[in-house]
file protein.txt (compact mmCIF, C-alpha atoms)
# COMPACT_ATOMS: atom_id res chain seq x y z
CA GLY B 1 95.50 -94.74 116.03
CA ARG B 2 93.99 -93.97 112.62
CA ASN B 3 93.58 -90.25 113.55
CA ARG B 4 97.27 -90.05 114.48
CA GLU B 5 98.33 -91.56 111.14
CA ARG B 6 96.13 -89.07 109.28
CA ARG B 7 97.70 -86.11 111.14
CA GLN B 8 101.25 -87.34 110.28
CA THR B 9 100.30 -87.73 106.60
CA ASN B 10 98.85 -84.21 106.46
CA SER B 11 102.01 -82.74 108.07
CA ALA B 12 104.22 -84.43 105.50
CA SER B 13 102.07 -83.11 102.65
CA ASP B 14 102.22 -79.56 104.04
CA ALA B 15 106.05 -79.73 104.28
CA THR B 16 106.28 -80.94 100.69
CA ALA B 17 104.04 -78.14 99.48
CA LYS B 18 106.06 -75.51 101.31
CA GLY B 19 109.27 -76.86 99.80
CA ALA B 20 107.81 -76.70 96.32
CA LYS B 21 106.71 -73.08 96.83
CA THR B 22 110.20 -72.16 98.02
CA MET B 23 111.77 -73.67 94.90
CA LEU B 24 109.35 -71.76 92.66
CA LYS B 25 110.25 -68.46 94.32
CA ARG B 26 113.97 -68.91 93.63
CA LYS B 27 115.46 -66.88 90.74
CA PRO B 28 116.04 -69.10 87.70
CA ALA B 29 119.68 -69.53 86.68
CA ALA B 30 120.90 -67.53 83.73
CA ALA B 31 121.26 -69.40 80.48
CA ASN B 32 125.04 -68.91 80.36
CA ASP B 33 125.67 -69.83 83.99
CA GLY B 34 127.59 -73.07 84.24
CA PRO B 35 129.67 -74.93 86.75
CA GLN B 36 132.78 -72.94 87.69
CA THR B 37 135.77 -75.21 87.37
CA ASN B 38 139.49 -74.61 87.03
CA ASN B 39 139.20 -75.57 83.37
CA SER B 40 136.88 -72.64 82.70
CA LYS B 41 139.46 -70.07 83.76
CA PRO B 42 141.26 -68.15 81.00
CA ILE B 43 144.75 -69.26 80.08
CA HIS B 44 146.23 -65.89 80.99
CA SER B 45 146.14 -64.38 84.46
CA VAL B 46 146.58 -60.71 83.55
CA PRO B 47 143.41 -58.57 83.59
CA ARG B 48 142.63 -57.19 80.15
CA LYS B 49 142.59 -53.60 81.45
CA THR B 50 146.10 -54.07 82.76
CA VAL B 51 147.25 -55.69 79.51
CA SER B 52 145.90 -52.86 77.37
CA ARG B 53 147.75 -50.41 79.58
CA ILE B 54 151.17 -52.11 79.65
CA ALA B 55 151.31 -53.56 76.13
CA ASP B 56 152.71 -51.14 73.58
CA LYS B 57 151.83 -53.59 70.79
CA ARG B 58 155.24 -53.31 69.09
CA LEU B 59 155.49 -57.07 68.73
CA LEU B 60 152.17 -57.16 66.88
CA ASN B 61 153.61 -55.06 64.06
CA TYR B 62 155.58 -58.00 62.66
CA PRO B 63 154.08 -60.87 60.62
CA PHE B 64 153.07 -64.11 62.33
CA THR B 65 155.89 -66.08 60.73
CA ASP B 66 159.28 -67.47 61.73
CA SER B 67 160.93 -64.42 60.20
CA GLY B 68 158.56 -62.21 62.14
CA ASN B 69 159.57 -63.98 65.34
CA ALA B 70 163.23 -63.38 64.43
CA GLU B 71 162.50 -59.67 64.10
CA ARG B 72 160.74 -59.71 67.48
CA LEU B 73 163.81 -61.35 69.02
CA VAL B 74 166.04 -58.62 67.58
CA LEU B 75 163.67 -55.91 68.77
CA LEU B 76 163.72 -57.16 72.36
CA PHE B 77 167.24 -58.57 72.73
CA GLY B 78 169.24 -57.28 69.77
CA ASP B 79 171.67 -55.42 72.02
CA LYS B 80 172.57 -58.61 73.89
CA ILE B 81 173.05 -61.22 71.17
CA ARG B 82 175.17 -61.74 68.07
CA TYR B 83 175.62 -64.64 65.69
CA CYS B 84 179.15 -65.28 64.46
CA HIS B 85 179.07 -67.14 61.16
CA SER B 86 182.78 -67.89 61.38
CA TYR B 87 182.28 -69.73 64.69
CA ARG B 88 178.79 -70.96 63.82
CA ALA B 89 177.83 -69.95 67.32
CA TRP B 90 175.70 -67.46 69.22
CA LEU B 91 177.43 -64.85 71.36
CA VAL B 92 175.81 -63.24 74.40
CA TRP B 93 176.78 -59.97 76.08
CA ASP B 94 177.30 -60.63 79.81
CA GLY B 95 177.89 -57.03 80.81
CA THR B 96 181.67 -57.18 80.45
CA ARG B 97 182.35 -59.07 77.19
CA TRP B 98 180.83 -61.22 74.46
CA GLN B 99 180.80 -64.93 75.27
CA ARG B 100 179.69 -68.00 73.37
CA ASP B 101 176.26 -69.17 74.42
CA PHE B 102 176.88 -72.60 75.87
CA GLY B 103 173.90 -72.47 78.25
CA GLY B 104 170.96 -71.85 75.90
CA GLN B 105 170.41 -68.20 76.84
CA VAL B 106 169.33 -67.26 73.32
CA ASN B 107 166.75 -70.06 73.32
CA ARG B 108 165.29 -68.66 76.53
CA MET B 109 165.13 -65.22 74.93
CA VAL B 110 163.07 -66.67 72.07
CA LYS B 111 160.62 -68.15 74.58
CA GLU B 112 160.45 -64.86 76.46
CA ALA B 113 159.67 -63.03 73.20
CA ALA B 114 156.84 -65.49 72.49
CA ARG B 115 155.33 -64.92 75.93
CA ARG B 116 155.52 -61.18 75.56
CA LEU B 117 153.78 -61.53 72.21
CA TYR B 118 151.02 -63.51 73.92
CA THR B 119 150.60 -60.75 76.51
CA GLN B 120 150.33 -58.10 73.83
CA ALA B 121 147.89 -60.26 71.85
CA LEU B 122 145.44 -60.06 74.75
CA SER B 123 144.95 -56.36 74.01
CA ILE B 124 143.62 -56.95 70.47
CA PRO B 125 139.98 -55.82 70.47
CA ASP B 126 138.83 -58.07 67.62
CA ASN B 127 138.02 -61.51 69.03
CA ASP B 128 139.03 -63.56 65.97
CA GLN B 129 142.30 -61.68 65.49
CA ARG B 130 143.08 -62.01 69.18
CA ILE B 131 142.51 -65.79 69.12
CA ASP B 132 144.75 -66.17 66.05
CA ALA B 133 147.51 -64.13 67.67
CA GLU B 134 147.27 -66.09 70.93
CA LYS B 135 147.48 -69.40 69.07
CA PHE B 136 150.52 -68.26 67.11
CA ALA B 137 152.24 -67.02 70.28
CA ARG B 138 151.70 -70.36 72.02
CA HIS B 139 152.95 -72.24 68.96
CA SER B 140 156.06 -70.03 68.91
CA GLU B 141 157.24 -71.74 72.11
CA SER B 142 157.49 -75.14 70.40
CA ALA B 143 160.93 -76.61 69.80
CA ALA B 144 160.50 -76.48 66.02
CA SER B 145 159.44 -72.85 66.09
CA ILE B 146 162.34 -71.87 68.36
CA ARG B 147 164.84 -73.51 65.99
CA ALA B 148 163.25 -71.80 62.99
CA THR B 149 163.31 -68.42 64.73
CA LEU B 150 166.99 -68.75 65.58
CA GLU B 151 167.81 -69.82 62.02
CA CYS B 152 166.05 -66.76 60.60
CA ALA B 153 167.62 -64.42 63.17
CA ARG B 154 171.18 -65.38 62.16
CA SER B 155 171.00 -63.22 59.05
CA GLU B 156 169.46 -60.15 60.70
CA ALA B 157 171.62 -57.07 60.12
CA ARG B 158 172.03 -56.22 63.81
CA ILE B 159 172.87 -59.80 64.74
CA SER B 160 175.18 -61.16 62.06
CA ILE B 161 178.94 -60.66 62.56
CA SER B 162 182.20 -62.36 61.55
CA ALA B 163 185.24 -63.28 63.60
CA LYS B 164 187.18 -60.47 61.90
CA GLU B 165 185.00 -57.94 63.70
CA LEU B 166 185.84 -59.27 67.18
CA ASP B 167 188.71 -57.94 69.34
CA ILE B 168 190.01 -55.70 66.54
CA ASP B 169 191.30 -52.85 68.76
CA ARG B 170 194.54 -54.17 70.25
CA PHE B 171 194.88 -51.09 72.50
CA LEU B 172 191.77 -51.92 74.52
CA LEU B 173 192.46 -54.02 77.62
CA ASN B 174 189.30 -55.44 79.14
CA CYS B 175 189.36 -55.73 82.96
CA LEU B 176 186.81 -56.56 85.63
CA ASN B 177 186.04 -52.93 86.43
CA GLY B 178 186.13 -51.56 82.89
CA THR B 179 188.07 -51.31 79.64
CA VAL B 180 191.44 -49.57 79.63
CA ASP B 181 192.56 -47.59 76.60
CA LEU B 182 196.29 -48.27 76.64
CA ARG B 183 196.95 -45.21 74.50
CA THR B 184 195.68 -42.85 77.20
CA MET B 185 195.46 -45.21 80.22
CA GLU B 186 191.85 -44.12 80.56
CA LEU B 187 189.45 -46.56 82.21
CA ARG B 188 186.15 -46.69 80.35
CA PRO B 189 182.91 -48.49 81.16
CA HIS B 190 182.41 -51.85 79.48
CA SER B 191 180.73 -51.45 76.11
CA SER B 192 179.22 -54.08 73.87
CA SER B 193 180.06 -51.93 70.84
CA ASN B 194 183.76 -52.72 71.33
CA LEU B 195 183.01 -56.36 70.42
CA ILE B 196 185.52 -57.66 72.96
CA THR B 197 185.52 -61.34 73.87
CA LYS B 198 188.58 -61.31 76.15
CA LEU B 199 188.70 -60.42 79.86
CA CYS B 200 191.54 -60.00 82.34
CA PRO B 201 190.26 -61.51 85.61
CA VAL B 202 191.54 -58.58 87.69
CA PRO B 203 190.43 -54.98 88.25
CA PHE B 204 192.49 -52.09 86.87
CA HIS B 205 193.98 -49.49 89.26
CA LEU B 206 196.15 -46.79 87.73
CA ASP B 207 198.03 -46.07 90.97
CA ALA B 208 198.56 -49.72 91.91
CA SER B 209 202.10 -50.69 92.85
CA CYS B 210 203.98 -53.37 90.94
CA GLU B 211 206.96 -54.18 93.17
CA LEU B 212 207.84 -57.37 91.31
CA PHE B 213 208.54 -55.45 88.10
CA GLU B 214 210.00 -52.30 89.68
CA HIS B 215 212.93 -54.12 91.29
call {"tool": "encode", "arguments": {"input": "protein.txt", "output": "structure tokens"}}
result
Amino acid sequence: GRNRERRQTNSASDATAKGAKTMLKRKPAAANDGPQTNNSKPIHSVPRKTVSRIADKRLLNYPFTDSGNAERLVLLFGDKIRYCHSYRAWLVWDGTRWQRDFGGQVNRMVKEAARRLYTQALSIPDNDQRIDAEKFARHSESAASIRATLECARSEARISISAKELDIDRFLLNCLNGTVDLRTMELRPHSSSNLITKLCPVPFHLDASCELFEH
């Protein structure tokens, strides 16, 4: 019985020794290796090589201020927005006419500009400058920053208009399929430069019959 107990003890000791040798042969972990968690992932999901290729860095040319954000907004969306000081309202080009922004489209444009700035900031090679730019871009999505950006953008030359500049050509009739010049009866494509806010809810057809008025 004693011999059997000794053999079991020796077997356990051999197994422990083999386990220790195996652990010693394993490659030690690198000093910077840590647990991989979701929190350790970068905030962005765009590979830096891709970012450096697609970002033209135009948004980085403006200062990191509210006025700079206003200039970024104009750069990206200046052809689609106007601010009418007479109405104290934002106007948005919908592809056929200028309409008052009752749905917060301009606010969404400000947020989109901030996110594009963040994407372009990822291409900055200097680490400290990149971190500062990323922080500013994230802060630009705050409610206070959005309001400040819109306030600064109201006075931008491309954006600011008055009510006197709207619908000034009385010979332009805006229809669903284009704008008719009543002087020549020519149908033109819709153009934001006409500054038209009115729209006839019907298409224009030059050869259409009008029996009600002909009889």
call {"tool": "residues_around", "arguments": {"input": "protein.txt", "residues": "Leu60 of chain B", "least_positions_apart": "6", "cutoff": "12 Å", "atoms": "all atoms listed in the file", "output": "VMD selection string"}}
result
chain B and resid 68 to 69 71 to 72 75 113 to 114 116 to 124 129 to 130 132 to 134 136 to 137
call {"tool": "atom_distance", "arguments": {"input": "protein.txt", "atom1": "atom CA of Lys198 of chain B", "atom2": "atom CA of Gly103 of chain B"}}
result
18.6 Å
call {"tool": "residues_around", "arguments": {"input": "protein.txt", "residues": "Leu176 of chain B", "least_positions_apart": "2", "cutoff": "8 Å", "atoms": "all atoms listed in the file", "output": "NGL selection string"}}
result
:B and (96 or 174 or 178 or 199-204)
call {"tool": "write_last_selection", "arguments": {"input": "protein.txt", "atoms": "C-alpha atoms", "output": "compact mmCIF listing (two decimals), in the coordinates of the input"}}
result
# COMPACT_ATOMS: atom_id res chain seq x y z
CA THR B 96 181.67 -57.18 80.45
CA ASN B 174 189.30 -55.44 79.14
CA GLY B 178 186.13 -51.56 82.89
CA LEU B 199 188.70 -60.42 79.86
CA CYS B 200 191.54 -60.00 82.34
CA PRO B 201 190.26 -61.51 85.61
CA VAL B 202 191.54 -58.58 87.69
CA PRO B 203 190.43 -54.98 88.25
CA PHE B 204 192.49 -52.09 86.87
call {"tool": "residues_around", "arguments": {"input": "protein.txt", "residues": "Thr197 of chain B", "least_positions_apart": "6", "cutoff": "12 Å", "atoms": "all atoms listed in the file", "output": "ChimeraX atom specification"}}
result
/B:82,91-100,163,165-169,172-175,179,190-191
call {"tool": "atom_distance", "arguments": {"input": "protein.txt", "atom1": "atom CA of Met109 of chain B", "atom2": "atom CA of Arg58 of chain B"}}
result
16.5 Å
call {"tool": "residues_around", "arguments": {"input": "protein.txt", "residues": "Ser142 of chain B", "least_positions_apart": "2", "cutoff": "12 Å", "atoms": "all atoms listed in the file", "output": "ChimeraX atom specification"}}
result
/B:66,107-108,110-111,114-115,135-140,144-149
call {"tool": "atom_distance", "arguments": {"input": "protein.txt", "atom1": "atom CA of Cys84 of chain B", "atom2": "atom CA of Ala153 of chain B"}}
result
11.6 Å
call {"tool": "closest_residue", "arguments": {"input": "protein.txt", "among": "B:Ser162, B:Leu187, B:Glu151, B:His205", "to": "His85 of chain B", "atoms": "all atoms listed in the file"}}
result
B:Ser162
call {"tool": "build_atoms", "arguments": {"input": "protein.txt", "residues": "segment 65-76 of chain B", "atoms": "all heavy atoms", "output": "mmCIF file, in the frame of the given file"}}
result
data_model
loop_
_atom_site.group_PDB
_atom_site.id
_atom_site.type_symbol
_atom_site.label_atom_id
_atom_site.label_comp_id
_atom_site.auth_asym_id
_atom_site.auth_seq_id
_atom_site.Cartn_x
_atom_site.Cartn_y
_atom_site.Cartn_z
ATOM 1 N N THR B 65 155.061 -65.107 61.440
ATOM 2 C CA THR B 65 155.890 -66.080 60.730
ATOM 3 C C THR B 65 157.171 -66.291 61.524
ATOM 4 O O THR B 65 157.438 -65.579 62.497
ATOM 5 C CB THR B 65 156.237 -65.591 59.317
ATOM 6 O OG1 THR B 65 156.989 -64.357 59.436
ATOM 7 C CG2 THR B 65 154.976 -65.337 58.489
ATOM 8 N N ASP B 66 157.989 -67.253 61.073
ATOM 9 C CA ASP B 66 159.280 -67.470 61.730
ATOM 10 C C ASP B 66 160.180 -66.233 61.574
ATOM 11 O O ASP B 66 160.885 -65.850 62.513
ATOM 12 C CB ASP B 66 159.977 -68.692 61.131
ATOM 13 C CG ASP B 66 159.222 -69.978 61.427
ATOM 14 O OD1 ASP B 66 158.550 -70.053 62.476
ATOM 15 O OD2 ASP B 66 159.301 -70.912 60.595
ATOM 16 N N SER B 67 160.148 -65.631 60.401
ATOM 17 C CA SER B 67 160.930 -64.420 60.200
ATOM 18 C C SER B 67 160.428 -63.278 61.078
ATOM 19 O O SER B 67 161.225 -62.484 61.600
ATOM 20 C CB SER B 67 160.885 -63.996 58.725
ATOM 21 O OG SER B 67 161.522 -64.965 57.904
ATOM 22 N N GLY B 68 159.118 -63.210 61.243
ATOM 23 C CA GLY B 68 158.560 -62.210 62.140
ATOM 24 C C GLY B 68 159.017 -62.425 63.571
ATOM 25 O O GLY B 68 159.323 -61.474 64.304
ATOM 26 N N ASN B 69 159.077 -63.671 63.996
ATOM 27 C CA ASN B 69 159.570 -63.980 65.340
ATOM 28 C C ASN B 69 161.041 -63.594 65.477
ATOM 29 O O ASN B 69 161.479 -63.154 66.541
ATOM 30 C CB ASN B 69 159.386 -65.460 65.652
ATOM 31 C CG ASN B 69 157.982 -65.769 66.136
ATOM 32 O OD1 ASN B 69 157.246 -64.878 66.566
ATOM 33 N ND2 ASN B 69 157.600 -67.035 66.070
ATOM 34 N N ALA B 70 161.819 -63.788 64.407
ATOM 35 C CA ALA B 70 163.230 -63.380 64.430
ATOM 36 C C ALA B 70 163.346 -61.873 64.618
ATOM 37 O O ALA B 70 164.203 -61.386 65.374
ATOM 38 C CB ALA B 70 163.918 -63.820 63.146
ATOM 39 N N GLU B 71 162.485 -61.126 63.952
ATOM 40 C CA GLU B 71 162.500 -59.670 64.100
ATOM 41 C C GLU B 71 162.072 -59.253 65.504
ATOM 42 O O GLU B 71 162.588 -58.273 66.050
ATOM 43 C CB GLU B 71 161.598 -59.043 63.045
ATOM 44 C CG GLU B 71 162.114 -59.204 61.628
ATOM 45 C CD GLU B 71 161.143 -58.706 60.580
ATOM 46 O OE1 GLU B 71 159.993 -59.180 60.551
ATOM 47 O OE2 GLU B 71 161.539 -57.838 59.778
ATOM 48 N N ARG B 72 161.138 -59.991 66.090
ATOM 49 C CA ARG B 72 160.740 -59.710 67.480
ATOM 50 C C ARG B 72 161.909 -59.961 68.439
ATOM 51 O O ARG B 72 162.122 -59.209 69.397
ATOM 52 C CB ARG B 72 159.539 -60.568 67.866
ATOM 53 C CG ARG B 72 158.264 -60.229 67.117
ATOM 54 C CD ARG B 72 157.091 -61.088 67.573
ATOM 55 N NE ARG B 72 155.908 -60.801 66.781
ATOM 56 C CZ ARG B 72 155.572 -61.466 65.679
ATOM 57 N NH1 ARG B 72 156.294 -62.486 65.271
ATOM 58 N NH2 ARG B 72 154.491 -61.118 64.995
ATOM 59 N N LEU B 73 162.647 -61.041 68.190
ATOM 60 C CA LEU B 73 163.810 -61.350 69.020
ATOM 61 C C LEU B 73 164.831 -60.221 68.952
ATOM 62 O O LEU B 73 165.381 -59.798 69.983
ATOM 63 C CB LEU B 73 164.443 -62.664 68.547
ATOM 64 C CG LEU B 73 165.728 -63.092 69.256
ATOM 65 C CD1 LEU B 73 165.447 -63.449 70.708
ATOM 66 C CD2 LEU B 73 166.371 -64.277 68.529
ATOM 67 N N VAL B 74 165.079 -59.712 67.753
ATOM 68 C CA VAL B 74 166.040 -58.620 67.580
ATOM 69 C C VAL B 74 165.533 -57.356 68.264
ATOM 70 O O VAL B 74 166.306 -56.611 68.889
ATOM 71 C CB VAL B 74 166.299 -58.374 66.089
ATOM 72 C CG1 VAL B 74 167.198 -57.151 65.899
ATOM 73 C CG2 VAL B 74 166.936 -59.600 65.454
ATOM 74 N N LEU B 75 164.244 -57.104 68.153
ATOM 75 C CA LEU B 75 163.670 -55.910 68.770
ATOM 76 C C LEU B 75 163.872 -55.921 70.281
ATOM 77 O O LEU B 75 164.230 -54.909 70.883
ATOM 78 C CB LEU B 75 162.175 -55.838 68.434
ATOM 79 C CG LEU B 75 161.392 -54.701 69.111
ATOM 80 C CD1 LEU B 75 161.850 -53.352 68.578
ATOM 81 C CD2 LEU B 75 159.893 -54.881 68.897
ATOM 82 N N LEU B 76 163.661 -57.080 70.906
ATOM 83 C CA LEU B 76 163.720 -57.160 72.360
ATOM 84 C C LEU B 76 165.139 -57.368 72.889
ATOM 85 O O LEU B 76 165.500 -56.823 73.934
ATOM 86 C CB LEU B 76 162.833 -58.311 72.850
ATOM 87 C CG LEU B 76 161.331 -58.151 72.621
ATOM 88 C CD1 LEU B 76 160.595 -59.416 73.049
ATOM 89 C CD2 LEU B 76 160.798 -56.950 73.390
#
